[in-house]
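Inspection log for the structure reproduced underneath, given as structure tokens.
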Protein chains: 6
Amino acid sequence: MSNPNLRTEFFLGCESLYADAAAVIFGAPFDGTTSYRPGARMGSRTMRAESYALETYSPYLEKDITDYAIHDAGELDLCFGNTEKVLADIESFSDKIISDGKISVMLGGEHLVTLGALRAAAKHYPDLHIIHFDAHTDLRDDYLGEKLSHASVIRRAWDILGDGRIWQFGIRSGDRPEFDWAKEHIYQRKFDLDGLDNCIKQLSDKPVYFTLDLDVLDPSVMPGTGTPEPGGIGFKELLEAVHSFTKLKNVVGFDIVELSPHYDQSGISTAAACKILRELLLSVL
Amino acid sequence: MSNPNLRTEFFLGCESLYADAAAVIFGAPFDGTTSYRPGARMGSRTMRAESYALETYSPYLEKDITDYAIHDAGELDLCFGNTEKVLADIESFSDKIISDGKISVMLGGEHLVTLGALRAAAKHYPDLHIIHFDAHTDLRDDYLGEKLSHASVIRRAWDILGDGRIWQFGIRSGDRPEFDWAKEHIYQRKFDLDGLDNCIKQLSDKPVYFTLDLDVLDPSVMPGTGTPEPGGIGFKELLEAVHSFTKLKNVVGFDIVELSPHYDQSGISTAAACKILRELLLSVL
Amino acid sequence: MSNPNLRTEFFLGCESLYADAAAVIFGAPFDGTTSYRPGARMGSRTMRAESYALETYSPYLEKDITDYAIHDAGELDLCFGNTEKVLADIESFSDKIISDGKISVMLGGEHLVTLGALRAAAKHYPDLHIIHFDAHTDLRDDYLGEKLSHASVIRRAWDILGDGRIWQFGIRSGDRPEFDWAKEHIYQRKFDLDGLDNCIKQLSDKPVYFTLDLDVLDPSVMPGTGTPEPGGIGFKELLEAVHSFTKLKNVVGFDIVELSPHYDQSGISTAAACKILRELLLSVL
Amino acid sequence: MSNPNLRTEFFLGCESLYADAAAVIFGAPFDGTTSYRPGARMGSRTMRAESYALETYSPYLEKDITDYAIHDAGELDLCFGNTEKVLADIESFSDKIISDGKISVMLGGEHLVTLGALRAAAKHYPDLHIIHFDAHTDLRDDYLGEKLSHASVIRRAWDILGDGRIWQFGIRSGDRPEFDWAKEHIYQRKFDLDGLDNCIKQLSDKPVYFTLDLDVLDPSVMPGTGTPEPGGIGFKELLEAVHSFTKLKNVVGFDIVELSPHYDQSGISTAAACKILRELLLSVL
Amino acid sequence: MSNPNLRTEFFLGCESLYADAAAVIFGAPFDGTTSYRPGARMGSRTMRAESYALETYSPYLEKDITDYAIHDAGELDLCFGNTEKVLADIESFSDKIISDGKISVMLGGEHLVTLGALRAAAKHYPDLHIIHFDAHTDLRDDYLGEKLSHASVIRRAWDILGDGRIWQFGIRSGDRPEFDWAKEHIYQRKFDLDGLDNCIKQLSDKPVYFTLDLDVLDPSVMPGTGTPEPGGIGFKELLEAVHSFTKLKNVVGFDIVELSPHYDQSGISTAAACKILRELLLSVL
Amino acid sequence: MSNPNLRTEFFLGCESLYADAAAVIFGAPFDGTTSYRPGARMGSRTMRAESYALETYSPYLEKDITDYAIHDAGELDLCFGNTEKVLADIESFSDKIISDGKISVMLGGEHLVTLGALRAAAKHYPDLHIIHFDAHTDLRDDYLGEKLSHASVIRRAWDILGDGRIWQFGIRSGDRPEFDWAKEHIYQRKFDLDGLDNCIKQLSDKPVYFTLDLDVLDPSVMPGTGTPEPGGIGFKELLEAVHSFTKLKNVVGFDIVELSPHYDQSGISTAAACKILRELLLSVL
């Protein structure tokens, strides 16, 4: 039965078929290594469900989501209790997207899910760089003995990519050894996004993966996250940064992680995450 | 791309095609005449989204949803601000379902949506009877001058069906004229479900439409509703009543209305609504 | 019985009699055309109830509410389900206030209620101008076929007033045709309040109606609203703008709409709305 | 200005003038000695504000609030930080009501406010008896050294009335000495309301003050209270008990205390408190 | 510095030293395999923190916690992301308690933590029986391929204990194969606790481990749990069952799991869990 | 039993013994004079409980809490209903700390608790100055007749210290007489922290007590407070101010008051309070 007036659950009108799409969105609902408050597994589903309140048109970029070919593949059905298998499932799905010449757009889930998508991207692009916005360094070698943890995800990324490939911004929490380690191995900007312009200039022609931990935003803007860290950046600062990604010519994938909607009864965190996703899609496509 | 491990948003595994289905579920997300606390428009979407926490198997009936052909058609895209048009859209969709020989299963929305589905059912079945579970009589001739209101929906049903066709149970709120009027025109059981067995016996061969206003349940069980009325029935009582519907041979449609999930941060109201829907489907199919 | 130590439920000490008042406050508790999250009908009542936490004295303006004659008329008892009748009731009440030479101060409710008050004002002041702060353009010609909708309220205002009379600020959401239409017919400032000084200069002697959709504020400041739009203005920016209204010599009415308190358990949205109302009253009286 | 379509903030249509009233309702918004979770000061205001969702007609008693003369005097403006002064203010107001031959109906606030009203009642009726529904004994001689505490309010009542005048029901929490003391001095029924019929028979002609601590209800029915105690009575049990008060010929006053609405976002606690107040008024008038 | 007026964070006055204790309480804050809503990791900490609102005296059993020697050992510091290691840490701690001749009292956490404590108990008591109260069978052989899951914990228990050793009560959710399997291998009572008396009679002299999944309670009583299942048992039923454990002469350990306090803003779930813990301690000591 | 892997409930690793400590933290859980929304009594306990989500290392100051000797003494066990006794208990405990040459660090509780600690500090340091950050003047001579009130705490401080010793910043609410009085007797900076540098310069060698009412922060950052006042300072402004306290050579004590965590389900208010406490400790030690 054809039924044109029935709403479907795609993110914000991203209704292209996979075959036609330039970018593929998928959810990675996992929060198994979260150490403080769990719930990020609800992030992607909630973004999809609430996105119908958002306009497809961006008055900032004067572009419309419906002018682009984007496929929303839905949610990966990840198991709980086996971290390595979760990462393998994410890597496999992301690998297919990149193999097919499309941009991989992952919605978390906690930050560890980034590692799965990153492994896929790094396989295809050995000269990959990462731009990383976050409140936390995520640079621990292990967390309570575990190598695979949301608190060590960027350290694991470094295991793959090595020195000089990781560009962190907005960092305002971590332990002393993490900050000391960072000085040797990566670019790290504390507290704000200063220096992003230079970073973008240097990476403009290189393959880039962008990972956005939403807790880089101030908790007033993003209360719905597992570990809120006061003193973060404002929404307009993040928006401006995202818009500058139009100068990156080769974004191969990105993710938005750590939305934990149950901690924000008002829904403003989900609204912010959805709008950033719209602006990111319109900036990199 | 075939992708077997992606979750889709159907109610509880109701994934049959429309053409194959014996019953068709649809959402009617409207709460435009709600007089106290709005939000019932979120009911159907939330039930669909949260149903994945529910098992498809009923240990009560020892039946499984996946053994039946049920189509989940999604949400009607209803306008706001034009009540008559909303009812017409609901009637039209419900009419098609009944014309095609299927059971119409509507998820509200506020109680007025029942009128749309009922008009469709009454057109096909002139000898239709209604079984109505509710805390409120819903028998006002008008509410603040409006004929079309959640508070007058059963009175409008009577306009269509006439005396002796409406069987109310669980009623514990209304104004005096409503209760007086009821004595003349309908069967009304106050406070509980006593007498349901007799009702079912009398209607066993007749076409029946069942409308369940979830606020018939006690607010301890169903806090997420617009106008909670303490002193309601328990979940087990409702369950037992629903199971007795297996003796009705010709249920042509039913609805579940007035879930307003935003008032229940714990989610127990949505869980109760989903389970009742499962048991209703398994009882009437 | 005289009982001086009993609290009464007026907004913030606005206890003047109607006959004596220079301004009359009333609530318009309607949200029947809200398309996303309803609840704005609770806005005015909640502002009144919570206003006792606010001081009557403004340290910004060094004025005190109790030095002015303001009548709080309470809540209009609006029906649900008949949009045109709601607007007629609002128009009628607002018309009486303006006819009696008083300033009409309406607390919403959703944004469509503005149309009722505006019809009254435009009848009395054919050269009326509107200053409009909002996140949304509200310029659709219709919304899902309905001409009377919160999403088209300013377009309906234009139907009455015509080109060059509407001054929008802070707009950051809408569809492309709305933004295109705006360029032809109204003054529109996107994202912030720049240009307000010039607007005020041009309108200083003209009759002005001010409509404040609270979602112009950033959701961090105003989470309790139906459709939060990240990237809004700050409270201090809004305060400064409101204070500049002291330069308008003929404000004939204003409204504050779209507070939806149920989405903000913390109460900060209501506190912000109350303070803005205090500052607006002290600025235009 | 006469304005018949403006809603006013009286409890449930209790709009009689003081002079005409048979019963006078007032709020006592104090929770200064609460030891666990404060917030009962919001109880009375919230009941008044939310009561408009309730019908004035009781289908249980087939009576209507609007058939009786009840005055809602609003809220006492009690200070915080001086417990004795608070009790004196309550006593003074309650004394006036009883002196004028009316029933004193107080809405708390925490349970200590009962002491103020009780002092007034005991002065007028030396042979006063108390019926007390509660989860807690409230029989401590002091609480952390303080004689005036919500945890010792019934002990203070005993100081005034002496042995054999206090009838407790539903008690399920206290320390061992409280329970031991009770055996000597008062009638105490643990866990449920059994024996109430006998109590009512014995007190049918005597002056009776009834104090209802809402936490006697099970927390599933009354989550919005400071110290929830699982294992309480159901709403229907309480309703039946309240209806049996029609056999008491001389209820001189009653109170409903310990509603703390902020702990119950769903509002079902307030709805239950309002309905009990309606049924109590209709039972004792 | 000795400081007698400082509160300490022990569960409900359980301040005995480990060496003196007959029972040892510890928290197992893990929810890594939760499939629906996480948060049970907060259960034990919240019980400890909120227990100060509870009396140490039970008017049901007329016993007082302070008359018994109970040690509260605090929270195990479990890692996230490595399920097997978590279980090993729990087993090790529980093993020490049982080796020292004390009762092991574990507060979850999700239900899988039971497996750790059970391994310890089964090692010491080869003829161990389990009494299991739950809404869910927890009998899956695996969950999405994982053998160690909250949904298969009792199946894993059976791997250790074999047929005839597991007594389930209150079960109302699972898939069909789980119910079929149960008929062959364990005692299973659906929906309620009928038959518990007989079970206790049979096990009175045997070593027994009791595991209480709080979702056996109806969600009206226990909204704060990951997967609420309407149709559960009441608090008084559970209380009566727990009190009947006084007839068990050899309870070697027990646990209370699946309290997820973030889903219950009212706190009644935590209050219920604390009271059940008090009554359990007083029943088995 | 030694058990290194059990978590203990100290604030953020402040585990020094009292005897060794340079600073002593204690909670003062009192909110008995709160006039609007109570709950500040939960502030200190919640900060302690949630602090484990915070790193001990400050990337701002490049210092670590674990490098300093700080004792967390837990919560004072204050009575309710006797304000003077509460203040005496606080004064006594604070007096001991200061007598022992340590910095007194008090966590509220409402603002009146400051008076207890201040009395102790003023006794030891007759030339004491106060730096006071707040949204409210707190300068009333009495509040509803009470001299001891959260609304008059700074006026009571002036009673002790006299003119020229109190430096207020961020004030944006009060009544007119308070603002008039302030001009004569104290330094008062409205709306922001401008002038703090000069204040610090003047007080650099003097004994200083710092009292931080968290509602000086904007409600977007600190929704969890009793009386939110929109238009406050940002978190980064507060952080910068706190860091400038490194120039104060003789801070004898400080407090953080008016966190009321129940009004902020997201937890961002508690996170902000904890981080400010960390930065304050690292700035003054």
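Letters A, B, ... go to the chains of the structure tokens in the order shown; residues in each chain start at 1; ligands are counted from 1 in the same order.
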(request) Just the residues within 7 Å of segment 104-114 of chain C, please, counting only C-alpha atoms, with nothing from its chain fewer than 4 positions along; format it as number ranges by chain. (result) C: 23-31, 34, 40-41, 43-44, 87, 94, 97-98, 118, 149-150, 153, 213, 252-258
(request) Restrict the distance test to only C-alpha atoms, flag each residue of chain A within 10 Å of chain E, and return the flagged residues as a PyMOL selection string. (result) chain A and resi 30-42+77-85+143-150+262-263
(request) From segment 47-256 of chain C, collect each residue whose DSSP state is strand (DSSP E) and return the set as a VMD selection string. (result) chain C and resid 57 to 58 63 to 64 70 to 76 103 to 108 129 to 133 166 to 171 187 to 190 208 to 213 251 to 256
The selected residues should be written to file as a tab-separated table (two decimals), in the first residue's frame (atoms: N, CA and C atoms).
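Generated output (again_22.tsv):
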chain	number	residue	atom	x	y	z
C	57	TYR	N	11.67	44.85	42.77
C	57	TYR	CA	12.60	45.93	42.45
C	57	TYR	C	13.61	45.46	41.40
C	58	SER	N	13.87	46.32	40.41
C	58	SER	CA	14.88	46.03	39.40
C	58	SER	C	16.14	46.82	39.69
C	63	LYS	N	13.96	50.80	39.41
C	63	LYS	CA	12.53	51.07	39.53
C	63	LYS	C	11.88	49.87	40.21
C	64	ASP	N	10.66	50.09	40.70
C	64	ASP	CA	9.98	49.01	41.42
C	64	ASP	C	8.57	48.83	40.86
C	70	ILE	N	-0.59	48.34	37.76
C	70	ILE	CA	-0.70	47.22	36.82
C	70	ILE	C	-1.76	46.26	37.37
C	71	HIS	N	-2.65	45.84	36.50
C	71	HIS	CA	-3.71	44.91	36.88
C	71	HIS	C	-3.41	43.54	36.29
C	72	ASP	N	-3.50	42.54	37.13
C	72	ASP	CA	-3.36	41.17	36.64
C	72	ASP	C	-4.76	40.55	36.55
C	73	ALA	N	-5.25	40.38	35.35
C	73	ALA	CA	-6.64	39.94	35.15
C	73	ALA	C	-6.81	38.43	35.23
C	74	GLY	N	-5.72	37.71	35.38
C	74	GLY	CA	-5.84	36.25	35.46
C	74	GLY	C	-5.78	35.60	34.09
C	75	GLU	N	-6.39	34.43	34.01
C	75	GLU	CA	-6.29	33.60	32.81
C	75	GLU	C	-7.58	33.63	31.99
C	76	LEU	N	-7.48	33.84	30.70
C	76	LEU	CA	-8.64	33.61	29.83
C	76	LEU	C	-8.98	32.12	29.84
C	103	ILE	N	-2.21	49.43	28.29
C	103	ILE	CA	-1.31	48.56	27.54
C	103	ILE	C	-1.74	47.11	27.75
C	104	SER	N	-1.84	46.39	26.63
C	104	SER	CA	-2.23	44.98	26.68
C	104	SER	C	-0.99	44.11	26.85
C	105	VAL	N	-0.94	43.34	27.93
C	105	VAL	CA	0.22	42.49	28.22
C	105	VAL	C	-0.26	41.05	28.30
C	106	MET	N	0.04	40.29	27.24
C	106	MET	CA	-0.45	38.92	27.17
C	106	MET	C	0.67	37.92	27.44
C	107	LEU	N	0.38	36.90	28.24
C	107	LEU	CA	1.31	35.81	28.49
C	107	LEU	C	0.75	34.55	27.85
C	108	GLY	N	1.55	33.97	26.92
C	108	GLY	CA	1.09	32.75	26.25
C	108	GLY	C	1.30	31.56	27.14
C	129	HIS	N	3.42	48.98	14.02
C	129	HIS	CA	4.59	48.18	13.66
C	129	HIS	C	4.79	47.08	14.69
C	130	ILE	N	5.38	46.01	14.22
C	130	ILE	CA	5.66	44.89	15.13
C	130	ILE	C	7.17	44.69	15.27
C	131	ILE	N	7.64	44.58	16.49
C	131	ILE	CA	8.99	44.09	16.74
C	131	ILE	C	8.85	42.66	17.24
C	132	HIS	N	9.60	41.78	16.62
C	132	HIS	CA	9.40	40.34	16.81
C	132	HIS	C	10.74	39.66	17.08
C	133	PHE	N	10.89	39.14	18.29
C	133	PHE	CA	12.10	38.36	18.64
C	133	PHE	C	11.71	36.89	18.62
C	166	ILE	N	7.04	44.87	9.79
C	166	ILE	CA	7.47	43.80	10.70
C	166	ILE	C	8.99	43.79	10.78
C	167	TRP	N	9.50	43.78	12.01
C	167	TRP	CA	10.94	43.79	12.27
C	167	TRP	C	11.29	42.55	13.08
C	168	GLN	N	11.93	41.63	12.39
C	168	GLN	CA	12.30	40.36	13.06
C	168	GLN	C	13.76	40.36	13.50
C	169	PHE	N	14.03	39.76	14.66
C	169	PHE	CA	15.41	39.64	15.16
C	169	PHE	C	15.64	38.25	15.73
C	170	GLY	N	16.87	37.81	15.61
C	170	GLY	CA	17.27	36.56	16.28
C	170	GLY	C	16.90	35.30	15.53
C	171	ILE	N	16.37	35.42	14.32
C	171	ILE	CA	15.84	34.27	13.58
C	171	ILE	C	16.94	33.29	13.20
C	187	TYR	N	11.61	43.35	7.46
C	187	TYR	CA	12.99	43.45	7.92
C	187	TYR	C	13.30	42.20	8.72
C	188	GLN	N	14.39	41.53	8.37
C	188	GLN	CA	14.74	40.31	9.10
C	188	GLN	C	16.22	40.29	9.45
C	189	ARG	N	16.49	40.16	10.74
C	189	ARG	CA	17.87	40.03	11.20
C	189	ARG	C	18.07	38.60	11.69
C	190	LYS	N	19.00	37.89	11.05
C	190	LYS	CA	19.24	36.52	11.45
C	190	LYS	C	20.20	36.44	12.64
C	208	VAL	N	3.74	50.65	18.54
C	208	VAL	CA	4.52	49.43	18.39
C	208	VAL	C	3.91	48.32	19.24
C	209	TYR	N	3.84	47.14	18.64
C	209	TYR	CA	3.49	45.93	19.38
C	209	TYR	C	4.73	45.05	19.39
C	210	PHE	N	5.10	44.57	20.57
C	210	PHE	CA	6.30	43.73	20.70
C	210	PHE	C	5.87	42.31	21.04
C	211	THR	N	6.35	41.37	20.25
C	211	THR	CA	6.05	39.96	20.55
C	211	THR	C	7.35	39.20	20.77
C	212	LEU	N	7.44	38.60	21.94
C	212	LEU	CA	8.66	37.91	22.35
C	212	LEU	C	8.41	36.41	22.43
C	213	ASP	N	8.90	35.70	21.42
C	213	ASP	CA	8.91	34.24	21.53
C	213	ASP	C	10.16	33.87	22.32
C	251	VAL	N	4.42	52.07	23.02
C	251	VAL	CA	4.20	50.62	22.98
C	251	VAL	C	2.75	50.37	23.40
C	252	VAL	N	1.94	49.85	22.49
C	252	VAL	CA	0.52	49.68	22.79
C	252	VAL	C	0.20	48.30	23.37
C	253	GLY	N	1.15	47.40	23.24
C	253	GLY	CA	0.94	46.08	23.80
C	253	GLY	C	2.16	45.22	23.58
C	254	PHE	N	2.26	44.17	24.35
C	254	PHE	CA	3.32	43.20	24.09
C	254	PHE	C	2.90	41.84	24.63
C	255	ASP	N	3.61	40.83	24.18
C	255	ASP	CA	3.33	39.50	24.71
C	255	ASP	C	4.63	38.73	24.88
C	256	ILE	N	4.55	37.71	25.73
C	256	ILE	CA	5.66	36.79	25.98
C	256	ILE	C	5.07	35.39	25.81
(request) Find the residues around Ile200 of chain D up to 10 Å (only C-alpha atoms counted), leave out those fewer than 4 positions away in its own chain, and share them as a PyMOL selection string. (result) chain D and resi 131+195-196+204-206+208+241+244-249
Run DSSP on the backbone and grab whatever in segment 177-277 of chain B lands in alpha helix (DSSP H); send it over as an mmCIF file with C-alpha atoms, in the first residue's frame.
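Wrote selection.cif, looks like this:
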data_model
loop_
_atom_site.group_PDB
_atom_site.id
_atom_site.type_symbol
_atom_site.label_atom_id
_atom_site.label_comp_id
_atom_site.auth_asym_id
_atom_site.auth_seq_id
_atom_site.Cartn_x
_atom_site.Cartn_y
_atom_site.Cartn_z
ATOM 1 C CA PRO B 177 -25.385 15.478 34.368
ATOM 2 C CA GLU B 178 -23.117 13.001 32.602
ATOM 3 C CA PHE B 179 -23.825 10.302 35.152
ATOM 4 C CA ASP B 180 -27.545 11.086 35.018
ATOM 5 C CA TRP B 181 -27.563 10.961 31.230
ATOM 6 C CA ALA B 182 -25.713 7.628 31.241
ATOM 7 C CA LYS B 183 -28.486 5.935 33.212
ATOM 8 C CA GLU B 184 -30.873 6.546 30.345
ATOM 9 C CA HIS B 185 -28.768 5.717 27.338
ATOM 10 C CA LEU B 196 -17.659 -7.466 31.847
ATOM 11 C CA ASP B 197 -18.228 -11.212 31.610
ATOM 12 C CA ASN B 198 -21.922 -10.658 31.013
ATOM 13 C CA CYS B 199 -21.188 -7.945 28.463
ATOM 14 C CA ILE B 200 -18.839 -10.225 26.571
ATOM 15 C CA LYS B 201 -21.378 -13.010 26.599
ATOM 16 C CA GLN B 202 -23.987 -10.726 25.078
ATOM 17 C CA LEU B 203 -21.640 -9.338 22.436
ATOM 18 C CA PHE B 235 -2.758 -3.901 35.745
ATOM 19 C CA LYS B 236 -3.657 -7.507 36.472
ATOM 20 C CA GLU B 237 -7.367 -6.686 36.396
ATOM 21 C CA LEU B 238 -6.933 -5.060 33.023
ATOM 22 C CA LEU B 239 -4.897 -7.982 31.793
ATOM 23 C CA GLU B 240 -7.563 -10.451 32.834
ATOM 24 C CA ALA B 241 -10.234 -8.368 31.130
ATOM 25 C CA VAL B 242 -8.233 -8.204 27.934
ATOM 26 C CA HIS B 243 -7.699 -11.936 27.963
ATOM 27 C CA SER B 244 -11.451 -12.461 28.214
ATOM 28 C CA ILE B 268 6.590 2.384 33.266
ATOM 29 C CA SER B 269 3.494 3.829 31.581
ATOM 30 C CA THR B 270 4.846 3.148 28.130
ATOM 31 C CA ALA B 271 5.886 -0.351 29.187
ATOM 32 C CA ALA B 272 2.348 -1.024 30.433
ATOM 33 C CA ALA B 273 0.786 0.325 27.241
ATOM 34 C CA CYS B 274 3.041 -1.840 25.082
ATOM 35 C CA LYS B 275 2.297 -4.983 27.037
ATOM 36 C CA ILE B 276 -1.436 -4.376 26.879
ATOM 37 C CA LEU B 277 -1.171 -3.886 23.130
#
(message) Can you measure atom CA of Ala19 of chain C to atom CA of Asp67 of chain C for me? One decimal in Å is fine.
(response) 16.3 Å
(request) To one decimal in Å, tell me the separation between atom CA of Ala69 of chain E and atom CA of Asp20 of chain E. (result) 6.5 Å
(request) One decimal, Å: what's the distance from atom CA of Leu281 of chain D over to atom CA of Leu54 of chain D, could you say? (result) 14.1 Å
